[in-house]
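Enquirer: Next comes the structure file structure_18.csv, holding CSV, N, CA and C atoms.
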chain,number,residue,atom,x,y,z
A,1,MET,N,8.7,-10.2,2.6
A,1,MET,CA,9.0,-9.8,1.2
A,1,MET,C,9.9,-8.6,1.1
A,2,ALA,N,11.0,-8.7,0.4
A,2,ALA,CA,11.9,-7.6,0.3
A,2,ALA,C,11.4,-6.6,-0.7
A,3,GLY,N,11.8,-5.3,-0.4
A,3,GLY,CA,11.4,-4.2,-1.3
A,3,GLY,C,12.2,-4.2,-2.5
A,4,GLU,N,11.8,-3.5,-3.5
A,4,GLU,CA,12.5,-3.3,-4.8
A,4,GLU,C,13.6,-2.3,-4.7
A,5,THR,N,14.8,-2.6,-5.2
A,5,THR,CA,15.9,-1.6,-5.2
A,5,THR,C,16.2,-1.1,-6.6
A,6,ASP,N,15.8,-1.7,-7.6
A,6,ASP,CA,16.1,-1.3,-9.0
A,6,ASP,C,15.3,-0.1,-9.4
A,7,LEU,N,16.0,1.0,-9.6
A,7,LEU,CA,15.3,2.3,-9.9
A,7,LEU,C,14.4,2.2,-11.1
A,8,ALA,N,14.9,1.5,-12.2
A,8,ALA,CA,14.0,1.4,-13.4
A,8,ALA,C,12.7,0.7,-13.1
A,9,LYS,N,12.8,-0.4,-12.3
A,9,LYS,CA,11.6,-1.1,-11.9
A,9,LYS,C,10.7,-0.3,-11.0
A,10,LEU,N,11.3,0.4,-10.1
A,10,LEU,CA,10.5,1.3,-9.2
A,10,LEU,C,9.7,2.3,-10.0
A,11,LEU,N,10.4,3.0,-10.9
A,11,LEU,CA,9.7,4.0,-11.7
A,11,LEU,C,8.6,3.4,-12.6
A,12,ALA,N,8.9,2.2,-13.2
A,12,ALA,CA,8.0,1.6,-14.1
A,12,ALA,C,6.7,1.1,-13.4
A,13,THR,N,6.8,0.8,-12.1
A,13,THR,CA,5.7,0.2,-11.4
A,13,THR,C,5.2,1.0,-10.2
A,14,MET,N,5.6,2.2,-10.1
A,14,MET,CA,5.2,3.0,-8.9
A,14,MET,C,3.8,3.3,-8.7
A,15,ALA,N,3.0,3.4,-9.8
A,15,ALA,CA,1.5,3.5,-9.7
A,15,ALA,C,1.1,4.5,-8.7
A,16,PRO,N,1.4,5.8,-8.9
A,16,PRO,CA,1.0,6.8,-7.9
A,16,PRO,C,-0.5,7.0,-7.7
A,17,VAL,N,-1.0,7.1,-6.5
A,17,VAL,CA,-2.4,7.3,-6.2
A,17,VAL,C,-2.6,8.5,-5.3
A,18,LEU,N,-3.5,9.3,-5.7
A,18,LEU,CA,-3.8,10.6,-5.0
A,18,LEU,C,-5.0,10.3,-4.1
A,19,PHE,N,-4.9,10.6,-2.8
A,19,PHE,CA,-5.9,10.4,-1.8
A,19,PHE,C,-6.8,11.7,-1.8
A,20,PRO,N,-8.1,11.5,-1.5
A,20,PRO,CA,-9.0,12.7,-1.5
A,20,PRO,C,-8.9,13.6,-0.2
A,21,GLN,N,-8.3,13.1,0.9
A,21,GLN,CA,-8.2,13.8,2.1
A,21,GLN,C,-7.3,15.0,2.0
A,22,THR,N,-7.5,16.0,2.9
A,22,THR,CA,-6.6,17.1,3.0
A,22,THR,C,-5.8,16.8,4.3
A,23,TYR,N,-4.4,16.9,4.2
A,23,TYR,CA,-3.5,16.7,5.3
A,23,TYR,C,-2.8,18.0,5.7
A,24,VAL,N,-2.4,18.0,7.0
A,24,VAL,CA,-1.7,19.1,7.5
A,24,VAL,C,-0.6,18.6,8.4
A,25,TYR,N,0.5,19.4,8.6
A,25,TYR,CA,1.6,19.1,9.5
A,25,TYR,C,1.3,20.0,10.7
A,26,CYS,N,1.3,19.4,11.9
A,26,CYS,CA,1.2,20.2,13.2
A,26,CYS,C,2.4,19.8,14.0
A,27,THR,N,2.6,20.6,15.1
A,27,THR,CA,3.6,20.2,16.0
A,27,THR,C,3.1,20.5,17.4
A,28,VAL,N,3.5,19.6,18.3
A,28,VAL,CA,3.0,19.7,19.7
A,28,VAL,C,4.3,19.4,20.6
A,29,PRO,N,4.2,20.0,21.8
A,29,PRO,CA,5.4,19.7,22.8
A,29,PRO,C,5.5,18.2,23.1
A,30,HIS,N,6.7,17.8,23.4
A,30,HIS,CA,7.0,16.4,23.7
A,30,HIS,C,6.1,15.9,24.8
A,31,ASP,N,5.9,16.7,25.9
A,31,ASP,CA,5.2,16.2,27.0
A,31,ASP,C,3.7,16.2,26.8
A,32,GLU,N,3.2,16.7,25.6
A,32,GLU,CA,1.8,16.7,25.3
A,32,GLU,C,1.5,15.7,24.1
A,33,ALA,N,2.5,15.2,23.6
A,33,ALA,CA,2.3,14.4,22.3
A,33,ALA,C,1.3,13.2,22.5
A,34,GLN,N,1.4,12.5,23.6
A,34,GLN,CA,0.6,11.3,23.8
A,34,GLN,C,-0.9,11.6,23.8
A,35,ARG,N,-1.3,12.7,24.3
A,35,ARG,CA,-2.8,13.0,24.3
A,35,ARG,C,-3.3,13.2,22.8
A,36,TYR,N,-2.4,13.5,21.9
A,36,TYR,CA,-2.9,13.8,20.5
A,36,TYR,C,-2.9,12.5,19.7
A,37,MET,N,-2.4,11.4,20.3
A,37,MET,CA,-2.5,10.1,19.5
A,37,MET,C,-3.9,9.6,19.3
A,38,THR,N,-4.9,10.1,20.0
A,38,THR,CA,-6.3,9.8,19.8
A,38,THR,C,-6.7,10.4,18.4
A,39,LEU,N,-6.0,11.3,17.9
A,39,LEU,CA,-6.4,11.9,16.6
A,39,LEU,C,-6.0,11.0,15.4
A,40,GLU,N,-5.3,9.9,15.8
A,40,GLU,CA,-4.8,9.0,14.8
A,40,GLU,C,-4.0,9.6,13.7
A,41,PRO,N,-2.9,10.2,14.0
A,41,PRO,CA,-2.0,10.8,13.0
A,41,PRO,C,-1.6,9.7,12.0
A,42,LEU,N,-1.5,10.2,10.8
A,42,LEU,CA,-1.0,9.3,9.7
A,42,LEU,C,0.5,9.0,10.0
A,43,ALA,N,1.2,10.0,10.5
A,43,ALA,CA,2.6,9.8,10.8
A,43,ALA,C,3.0,10.7,12.0
A,44,THR,N,4.1,10.4,12.7
A,44,THR,CA,4.6,11.3,13.7
A,44,THR,C,6.2,11.3,13.5
A,45,TYR,N,6.8,12.3,14.0
A,45,TYR,CA,8.2,12.4,14.0
A,45,TYR,C,8.7,13.2,15.2
A,46,ARG,N,9.6,12.7,16.0
A,46,ARG,CA,10.1,13.4,17.1
A,46,ARG,C,11.3,14.2,16.8
A,47,GLU,N,11.3,15.5,17.0
A,47,GLU,CA,12.4,16.4,16.7
A,47,GLU,C,12.7,17.0,18.1
A,48,ASP,N,13.9,17.7,18.1
A,48,ASP,CA,14.3,18.4,19.4
A,48,ASP,C,13.2,19.4,19.8
A,49,GLU,N,12.6,20.1,18.8
A,49,GLU,CA,11.7,21.2,19.1
A,49,GLU,C,10.3,20.7,19.5
A,50,GLY,N,9.9,19.5,19.2
A,50,GLY,CA,8.6,19.0,19.5
A,50,GLY,C,8.3,17.8,18.6
A,51,VAL,N,7.1,17.3,18.7
A,51,VAL,CA,6.6,16.2,17.9
A,51,VAL,C,5.8,16.6,16.7
A,52,THR,N,6.2,16.3,15.5
A,52,THR,CA,5.4,16.6,14.3
A,52,THR,C,4.3,15.5,14.1
A,53,LEU,N,3.1,16.0,13.9
A,53,LEU,CA,2.0,15.1,13.6
A,53,LEU,C,1.5,15.4,12.1
A,54,ILE,N,1.3,14.4,11.3
A,54,ILE,CA,0.7,14.5,10.0
A,54,ILE,C,-0.7,14.0,10.2
A,55,LEU,N,-1.7,15.0,10.1
A,55,LEU,CA,-3.1,14.7,10.4
A,55,LEU,C,-4.0,15.0,9.2
A,56,GLU,N,-5.1,14.4,9.2
A,56,GLU,CA,-6.2,14.9,8.3
A,56,GLU,C,-6.6,16.2,8.9
A,57,ARG,N,-7.0,17.2,8.0
A,57,ARG,CA,-7.3,18.5,8.5
A,57,ARG,C,-8.4,18.5,9.5
A,58,PRO,N,-9.5,17.8,9.3
A,58,PRO,CA,-10.6,17.9,10.3
A,58,PRO,C,-10.2,17.5,11.7
A,59,ALA,N,-9.2,16.5,11.8
A,59,ALA,CA,-8.7,16.2,13.1
A,59,ALA,C,-8.0,17.3,13.8
A,60,ALA,N,-7.1,18.0,13.0
A,60,ALA,CA,-6.4,19.1,13.5
A,60,ALA,C,-7.3,20.2,13.9
A,61,ASP,N,-8.3,20.5,13.1
A,61,ASP,CA,-9.3,21.5,13.4
A,61,ASP,C,-10.0,21.2,14.7
A,62,ALA,N,-10.5,20.0,14.8
A,62,ALA,CA,-11.2,19.5,16.0
A,62,ALA,C,-10.4,19.7,17.3
A,63,ALA,N,-9.1,19.5,17.2
A,63,ALA,CA,-8.2,19.7,18.3
A,63,ALA,C,-7.6,21.1,18.5
A,64,ASP,N,-8.1,22.0,17.6
A,64,ASP,CA,-7.7,23.4,17.6
A,64,ASP,C,-6.1,23.5,17.5
A,65,LEU,N,-5.6,22.7,16.7
A,65,LEU,CA,-4.1,22.8,16.4
A,65,LEU,C,-3.9,23.7,15.2
A,66,SER,N,-2.8,24.5,15.3
A,66,SER,CA,-2.4,25.3,14.2
A,66,SER,C,-1.6,24.5,13.2
A,67,TYR,N,-1.6,24.9,11.9
A,67,TYR,CA,-0.9,24.2,10.9
A,67,TYR,C,-0.6,25.1,9.7
A,68,GLY,N,0.3,24.7,8.9
A,68,GLY,CA,0.7,25.4,7.7
A,68,GLY,C,-0.2,25.1,6.5
A,69,PRO,N,0.5,24.9,5.4
A,69,PRO,CA,-0.3,24.7,4.1
A,69,PRO,C,-1.1,23.4,4.1
A,70,LEU,N,-2.2,23.5,3.3
A,70,LEU,CA,-3.1,22.3,3.1
A,70,LEU,C,-2.4,21.4,2.1
A,71,LEU,N,-2.3,20.1,2.4
A,71,LEU,CA,-1.5,19.2,1.5
A,71,LEU,C,-2.4,18.1,1.1
A,72,ALA,N,-2.0,17.5,-0.1
A,72,ALA,CA,-2.6,16.3,-0.6
A,72,ALA,C,-1.5,15.2,-0.5
A,73,ARG,N,-2.0,14.0,-0.4
A,73,ARG,CA,-1.0,12.8,-0.3
A,73,ARG,C,-1.1,12.0,-1.5
A,74,ILE,N,0.1,11.7,-2.1
A,74,ILE,CA,0.2,10.8,-3.2
A,74,ILE,C,1.1,9.7,-2.7
A,75,THR,N,0.6,8.5,-2.8
A,75,THR,CA,1.3,7.3,-2.4
A,75,THR,C,1.8,6.6,-3.6
A,76,LEU,N,3.1,6.2,-3.6
A,76,LEU,CA,3.7,5.4,-4.7
A,76,LEU,C,3.4,3.9,-4.3
A,77,ASN,N,2.6,3.2,-5.1
A,77,ASN,CA,2.2,1.9,-4.8
A,77,ASN,C,3.1,0.8,-5.3
A,78,VAL,N,4.4,1.0,-5.0
A,78,VAL,CA,5.4,0.0,-5.2
A,78,VAL,C,6.1,-0.2,-3.9
A,79,HIS,N,6.4,-1.4,-3.6
A,79,HIS,CA,7.2,-1.7,-2.4
A,79,HIS,C,8.6,-1.4,-2.6
A,80,SER,N,9.0,-0.2,-2.3
A,80,SER,CA,10.4,0.3,-2.4
A,80,SER,C,11.2,-0.1,-1.2
A,81,ALA,N,12.4,-0.6,-1.4
A,81,ALA,CA,13.3,-1.0,-0.3
A,81,ALA,C,13.8,0.3,0.3
A,82,LEU,N,14.0,0.3,1.6
A,82,LEU,CA,14.5,1.5,2.3
A,82,LEU,C,15.9,1.9,1.8
A,83,GLU,N,16.6,0.9,1.3
A,83,GLU,CA,18.0,1.2,0.8
A,83,GLU,C,18.0,1.4,-0.8
A,84,ALA,N,16.8,1.5,-1.4
A,84,ALA,CA,16.8,1.9,-2.8
A,84,ALA,C,17.4,3.2,-3.1
A,85,VAL,N,18.1,3.4,-4.2
A,85,VAL,CA,18.8,4.6,-4.5
A,85,VAL,C,18.1,5.3,-5.7
A,86,GLY,N,17.7,6.5,-5.5
A,86,GLY,CA,17.3,7.3,-6.7
A,86,GLY,C,15.8,7.6,-6.8
A,87,LEU,N,15.0,6.9,-6.1
A,87,LEU,CA,13.5,7.1,-6.2
A,87,LEU,C,13.1,8.5,-5.7
A,88,THR,N,13.6,8.9,-4.5
A,88,THR,CA,13.2,10.2,-4.0
A,88,THR,C,13.8,11.3,-4.9
A,89,ALA,N,15.0,11.1,-5.4
A,89,ALA,CA,15.6,12.1,-6.3
A,89,ALA,C,14.8,12.2,-7.6
A,90,ALA,N,14.3,11.1,-8.1
A,90,ALA,CA,13.6,11.2,-9.4
A,90,ALA,C,12.2,11.9,-9.2
A,91,VAL,N,11.6,11.6,-8.0
A,91,VAL,CA,10.3,12.2,-7.7
A,91,VAL,C,10.5,13.7,-7.5
A,92,ALA,N,11.5,14.0,-6.7
A,92,ALA,CA,11.8,15.4,-6.4
A,92,ALA,C,12.1,16.2,-7.7
A,93,THR,N,12.9,15.6,-8.5
A,93,THR,CA,13.3,16.3,-9.8
A,93,THR,C,12.0,16.5,-10.7
A,94,ALA,N,11.2,15.5,-10.8
A,94,ALA,CA,10.0,15.7,-11.6
A,94,ALA,C,9.1,16.8,-11.1
A,95,LEU,N,8.9,16.8,-9.8
A,95,LEU,CA,8.1,17.9,-9.2
A,95,LEU,C,8.7,19.2,-9.2
A,96,THR,N,10.0,19.3,-9.1
A,96,THR,CA,10.7,20.5,-9.2
A,96,THR,C,10.6,21.2,-10.6
A,97,ARG,N,10.6,20.3,-11.6
A,97,ARG,CA,10.4,20.8,-13.0
A,97,ARG,C,9.1,21.5,-13.1
A,98,GLU,N,8.1,21.0,-12.3
A,98,GLU,CA,6.8,21.6,-12.4
A,98,GLU,C,6.5,22.7,-11.4
A,99,GLY,N,7.6,23.0,-10.6
A,99,GLY,CA,7.5,24.1,-9.6
A,99,GLY,C,6.6,23.7,-8.4
A,100,ILE,N,6.6,22.4,-8.1
A,100,ILE,CA,5.7,21.9,-7.0
A,100,ILE,C,6.6,21.4,-5.8
A,101,SER,N,6.3,22.0,-4.7
A,101,SER,CA,7.1,21.6,-3.5
A,101,SER,C,6.6,20.2,-3.1
A,102,ALA,N,7.5,19.4,-2.4
A,102,ALA,CA,7.1,18.1,-2.0
A,102,ALA,C,7.8,17.8,-0.6
A,103,ASN,N,7.0,17.1,0.2
A,103,ASN,CA,7.5,16.5,1.4
A,103,ASN,C,7.4,15.0,1.3
A,104,VAL,N,8.5,14.3,1.3
A,104,VAL,CA,8.4,12.8,1.1
A,104,VAL,C,8.6,12.1,2.5
A,105,VAL,N,7.7,11.2,2.7
A,105,VAL,CA,7.8,10.4,3.9
A,105,VAL,C,7.9,8.9,3.4
A,106,ALA,N,9.1,8.3,3.8
A,106,ALA,CA,9.3,6.9,3.4
A,106,ALA,C,8.9,6.1,4.6
A,107,ALA,N,8.0,5.1,4.3
A,107,ALA,CA,7.6,4.2,5.3
A,107,ALA,C,8.1,2.8,4.9
A,108,TYR,N,7.8,1.8,5.6
A,108,TYR,CA,8.4,0.4,5.3
A,108,TYR,C,8.0,0.0,3.9
A,109,TYR,N,6.8,0.1,3.5
A,109,TYR,CA,6.4,-0.5,2.2
A,109,TYR,C,6.4,0.6,1.1
A,110,HIS,N,6.0,1.8,1.4
A,110,HIS,CA,5.8,2.8,0.3
A,110,HIS,C,6.3,4.1,0.7
A,111,ASP,N,6.5,4.9,-0.4
A,111,ASP,CA,6.8,6.3,-0.2
A,111,ASP,C,5.5,7.2,-0.4
A,112,HIS,N,5.4,8.2,0.4
A,112,HIS,CA,4.2,9.1,0.4
A,112,HIS,C,4.7,10.5,0.2
A,113,ILE,N,4.1,11.1,-0.8
A,113,ILE,CA,4.6,12.5,-1.1
A,113,ILE,C,3.4,13.4,-0.8
A,114,PHE,N,3.7,14.4,0.0
A,114,PHE,CA,2.7,15.5,0.4
A,114,PHE,C,3.1,16.7,-0.4
A,115,VAL,N,2.1,17.2,-1.2
A,115,VAL,CA,2.2,18.3,-2.1
A,115,VAL,C,1.1,19.3,-1.8
A,116,PRO,N,1.3,20.6,-2.1
A,116,PRO,CA,0.2,21.6,-1.9
A,116,PRO,C,-1.0,21.1,-2.6
A,117,GLU,N,-2.1,21.2,-1.9
A,117,GLU,CA,-3.4,20.7,-2.4
A,117,GLU,C,-3.8,21.2,-3.7
A,118,ALA,N,-3.5,22.5,-4.0
A,118,ALA,CA,-3.8,23.1,-5.3
A,118,ALA,C,-3.0,22.5,-6.4
A,119,ASP,N,-1.9,21.9,-6.1
A,119,ASP,CA,-1.0,21.3,-7.1
A,119,ASP,C,-1.1,19.8,-7.3
A,120,ALA,N,-2.1,19.2,-6.6
A,120,ALA,CA,-2.1,17.7,-6.5
A,120,ALA,C,-2.3,17.0,-7.8
A,121,GLU,N,-3.2,17.5,-8.7
A,121,GLU,CA,-3.4,16.9,-10.0
A,121,GLU,C,-2.2,17.0,-10.9
A,122,ARG,N,-1.6,18.2,-10.9
A,122,ARG,CA,-0.4,18.4,-11.7
A,122,ARG,C,0.8,17.5,-11.2
A,123,ALA,N,0.9,17.3,-9.8
A,123,ALA,CA,1.9,16.5,-9.3
A,123,ALA,C,1.7,15.0,-9.7
A,124,LEU,N,0.4,14.6,-9.6
A,124,LEU,CA,0.1,13.2,-10.0
A,124,LEU,C,0.5,13.0,-11.4
A,125,GLU,N,0.2,13.9,-12.3
A,125,GLU,CA,0.5,13.7,-13.7
A,125,GLU,C,2.0,13.7,-13.9
A,126,ALA,N,2.7,14.6,-13.2
A,126,ALA,CA,4.2,14.6,-13.3
A,126,ALA,C,4.8,13.3,-12.9
A,127,LEU,N,4.3,12.7,-11.9
A,127,LEU,CA,4.8,11.4,-11.4
A,127,LEU,C,4.4,10.3,-12.3
A,128,ARG,N,3.2,10.3,-12.9
A,128,ARG,CA,2.8,9.3,-13.8
A,128,ARG,C,3.7,9.3,-15.1
A,129,ALA,N,4.1,10.5,-15.4
A,129,ALA,CA,5.0,10.7,-16.6
A,129,ALA,C,6.4,10.0,-16.4
A,130,LEU,N,6.8,9.7,-15.2
A,130,LEU,CA,8.0,9.0,-14.9
A,130,LEU,C,8.0,7.6,-15.3
A,131,SER,N,6.8,7.0,-15.4
A,131,SER,CA,6.6,5.6,-15.8
A,131,SER,C,6.5,5.5,-17.3
A,132,PRO,N,7.2,4.5,-17.9
A,132,PRO,CA,7.0,4.3,-19.3
A,132,PRO,C,5.6,3.9,-19.6
A,133,ALA,N,5.1,4.3,-20.8
A,133,ALA,CA,3.7,4.0,-21.2
A,133,ALA,C,3.5,2.6,-21.6
Could you write out this file's structure as structure tokens?
Expert:
Amino acid sequence: MAGETDLAKLLATMAPVLFPQTYVYCTVPHDEAQRYMTLEPLATYREDEGVTLILERPAADAADLSYGPLLARITLNVHSALEAVGLTAAVATALTREGISANVVAAYYHDHIFVPEADAERALEALRALSPA
């Protein structure tokens, strides 16, 4: 099934969902990354400096990994095509207006926005406001 590319349809049907878990971004050296896969990271990304792991906070704590801010995950429950134009910009603009930082991870089916945990409810409302009532 192909993803949606029409921005108006994406915004109208994105149905953002806030997850209750706390997430963190960690980094580990390339040569150690494989041993951290048992932590079941939500996502990984290989950069020149190391491998980024997006983990639930308890997993990072159990592995004694350092991390930055505590984040909440909001998933847009619309199957957005990877070549869709404007969804990330619309989300970023809405959150910027509210003074909320965002880290967007685009996966095959959905976009996932990581926001500071303290701003999660405000972020969810800002995203819901993008969809016509």
Enquirer: Using backbone DSSP assignments, extract all strand (DSSP E) residues from chain A; output them as a PyMOL selection string.
Expert: chain A and resi 16-18+23-28+43-47+50-56+71-76+103-106+111-116
Enquirer: Got a sec: who's within 6 Å of Thr27 in chain A, counting only C-alpha atoms, leaving out chain neighbours fewer than 4 positions off, as a PyMOL selection string?
Expert: chain A and resi 51-53
Enquirer: What does the file look like for those residues with N, CA and C atoms, as a tab-separated table (two decimals), in the frame of the given file?
Expert:
chain	number	residue	atom	x	y	z
A	51	VAL	N	7.10	17.30	18.70
A	51	VAL	CA	6.60	16.20	17.90
A	51	VAL	C	5.80	16.60	16.70
A	52	THR	N	6.20	16.30	15.50
A	52	THR	CA	5.40	16.60	14.30
A	52	THR	C	4.30	15.50	14.10
A	53	LEU	N	3.10	16.00	13.90
A	53	LEU	CA	2.00	15.10	13.60
A	53	LEU	C	1.50	15.40	12.10
Enquirer: Would you mind listing what lies within 6.5 Å of His79 in chain A as a PyMOL selection string, with only N, CA and C atoms counted and same-chain residues fewer than 3 positions away left out?
Expert: chain A and resi 2-4+76+109-110
Enquirer: Compile the contact shell of Leu7 in chain A as a list in words: residues with an atom at most 6.5 Å away, counting only N, CA and C atoms, same-chain residues fewer than 3 positions apart removed.
Expert: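 That gives Glu4, Leu10, Leu11, Ala12, Val85, Gly86 and Leu87 of chain A.
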Enquirer: Axis-aligned box over every listed atom of range 111-118 of chain A, padded by 5 Å per side: centre and edges in Å to one decimal, as lines of an AutoDock Vina configuration file?
Expert:
center_x = 1.5
center_y = 14.0
center_z = -3.0
size_x = 20.6
size_y = 28.2
size_z = 16.8
Enquirer: Complete range 38-47 of chain A at the level of all heavy atoms, written as an mmCIF file, in the frame of the given file.
Expert:
data_model
loop_
_atom_site.group_PDB
_atom_site.id
_atom_site.type_symbol
_atom_site.label_atom_id
_atom_site.label_comp_id
_atom_site.auth_asym_id
_atom_site.auth_seq_id
_atom_site.Cartn_x
_atom_site.Cartn_y
_atom_site.Cartn_z
ATOM 1 N N THR A 38 -4.900 10.100 20.000
ATOM 2 C CA THR A 38 -6.300 9.800 19.800
ATOM 3 C C THR A 38 -6.700 10.400 18.400
ATOM 4 O O THR A 38 -7.773 9.952 17.916
ATOM 5 C CB THR A 38 -7.166 10.269 20.912
ATOM 6 O OG1 THR A 38 -7.032 11.681 21.030
ATOM 7 C CG2 THR A 38 -6.806 9.577 22.225
ATOM 8 N N LEU A 39 -6.000 11.300 17.900
ATOM 9 C CA LEU A 39 -6.400 11.900 16.600
ATOM 10 C C LEU A 39 -6.000 11.000 15.400
ATOM 11 O O LEU A 39 -6.244 11.341 14.295
ATOM 12 C CB LEU A 39 -5.689 13.311 16.449
ATOM 13 C CG LEU A 39 -6.060 14.363 17.484
ATOM 14 C CD1 LEU A 39 -5.248 15.640 17.252
ATOM 15 C CD2 LEU A 39 -7.551 14.653 17.456
ATOM 16 N N GLU A 40 -5.300 9.900 15.800
ATOM 17 C CA GLU A 40 -4.800 9.000 14.800
ATOM 18 C C GLU A 40 -4.000 9.600 13.700
ATOM 19 O O GLU A 40 -4.372 9.564 12.477
ATOM 20 C CB GLU A 40 -6.015 8.185 14.202
ATOM 21 C CG GLU A 40 -6.753 7.390 15.259
ATOM 22 C CD GLU A 40 -7.889 6.541 14.709
ATOM 23 O OE1 GLU A 40 -8.067 6.470 13.465
ATOM 24 O OE2 GLU A 40 -8.578 5.944 15.534
ATOM 25 N N PRO A 41 -2.900 10.200 14.000
ATOM 26 C CA PRO A 41 -2.000 10.800 13.000
ATOM 27 C C PRO A 41 -1.600 9.700 12.000
ATOM 28 O O PRO A 41 -1.342 8.584 12.353
ATOM 29 C CB PRO A 41 -0.831 11.356 13.789
ATOM 30 C CG PRO A 41 -0.888 10.727 15.133
ATOM 31 C CD PRO A 41 -2.286 10.278 15.352
ATOM 32 N N LEU A 42 -1.500 10.200 10.800
ATOM 33 C CA LEU A 42 -1.000 9.300 9.700
ATOM 34 C C LEU A 42 0.500 9.000 10.000
ATOM 35 O O LEU A 42 0.977 7.862 9.739
ATOM 36 C CB LEU A 42 -1.112 9.969 8.337
ATOM 37 C CG LEU A 42 -0.691 9.160 7.125
ATOM 38 C CD1 LEU A 42 -1.542 7.909 6.976
ATOM 39 C CD2 LEU A 42 -0.800 10.014 5.883
ATOM 40 N N ALA A 43 1.200 10.000 10.500
ATOM 41 C CA ALA A 43 2.600 9.800 10.800
ATOM 42 C C ALA A 43 3.000 10.700 12.000
ATOM 43 O O ALA A 43 2.384 11.786 12.130
ATOM 44 C CB ALA A 43 3.524 10.006 9.624
ATOM 45 N N THR A 44 4.100 10.400 12.700
ATOM 46 C CA THR A 44 4.600 11.300 13.700
ATOM 47 C C THR A 44 6.200 11.300 13.500
ATOM 48 O O THR A 44 6.719 10.286 13.014
ATOM 49 C CB THR A 44 4.284 10.822 15.118
ATOM 50 O OG1 THR A 44 4.853 9.525 15.353
ATOM 51 C CG2 THR A 44 2.794 10.784 15.336
ATOM 52 N N TYR A 45 6.800 12.300 14.000
ATOM 53 C CA TYR A 45 8.200 12.400 14.000
ATOM 54 C C TYR A 45 8.700 13.200 15.200
ATOM 55 O O TYR A 45 8.193 14.360 15.324
ATOM 56 C CB TYR A 45 8.792 12.931 12.673
ATOM 57 C CG TYR A 45 10.247 12.601 12.527
ATOM 58 C CD1 TYR A 45 10.661 11.420 11.928
ATOM 59 C CD2 TYR A 45 11.225 13.459 13.030
ATOM 60 C CE1 TYR A 45 12.003 11.097 11.825
ATOM 61 C CE2 TYR A 45 12.564 13.143 12.929
ATOM 62 C CZ TYR A 45 12.953 11.962 12.331
ATOM 63 O OH TYR A 45 14.272 11.643 12.238
ATOM 64 N N ARG A 46 9.600 12.700 16.000
ATOM 65 C CA ARG A 46 10.100 13.400 17.100
ATOM 66 C C ARG A 46 11.300 14.200 16.800
ATOM 67 O O ARG A 46 12.307 13.624 16.290
ATOM 68 C CB ARG A 46 10.391 12.372 18.224
ATOM 69 C CG ARG A 46 10.836 12.976 19.516
ATOM 70 C CD ARG A 46 11.101 11.871 20.553
ATOM 71 N NE ARG A 46 11.537 12.441 21.787
ATOM 72 C CZ ARG A 46 10.738 12.835 22.765
ATOM 73 N NH1 ARG A 46 9.435 12.703 22.632
ATOM 74 N NH2 ARG A 46 11.219 13.359 23.872
ATOM 75 N N GLU A 47 11.300 15.500 17.000
ATOM 76 C CA GLU A 47 12.400 16.400 16.700
ATOM 77 C C GLU A 47 12.700 17.000 18.100
ATOM 78 O O GLU A 47 11.956 16.976 19.030
ATOM 79 C CB GLU A 47 12.054 17.452 15.711
ATOM 80 C CG GLU A 47 11.712 16.878 14.344
ATOM 81 C CD GLU A 47 11.371 17.957 13.347
ATOM 82 O OE1 GLU A 47 10.235 18.463 13.377
ATOM 83 O OE2 GLU A 47 12.266 18.287 12.548
#
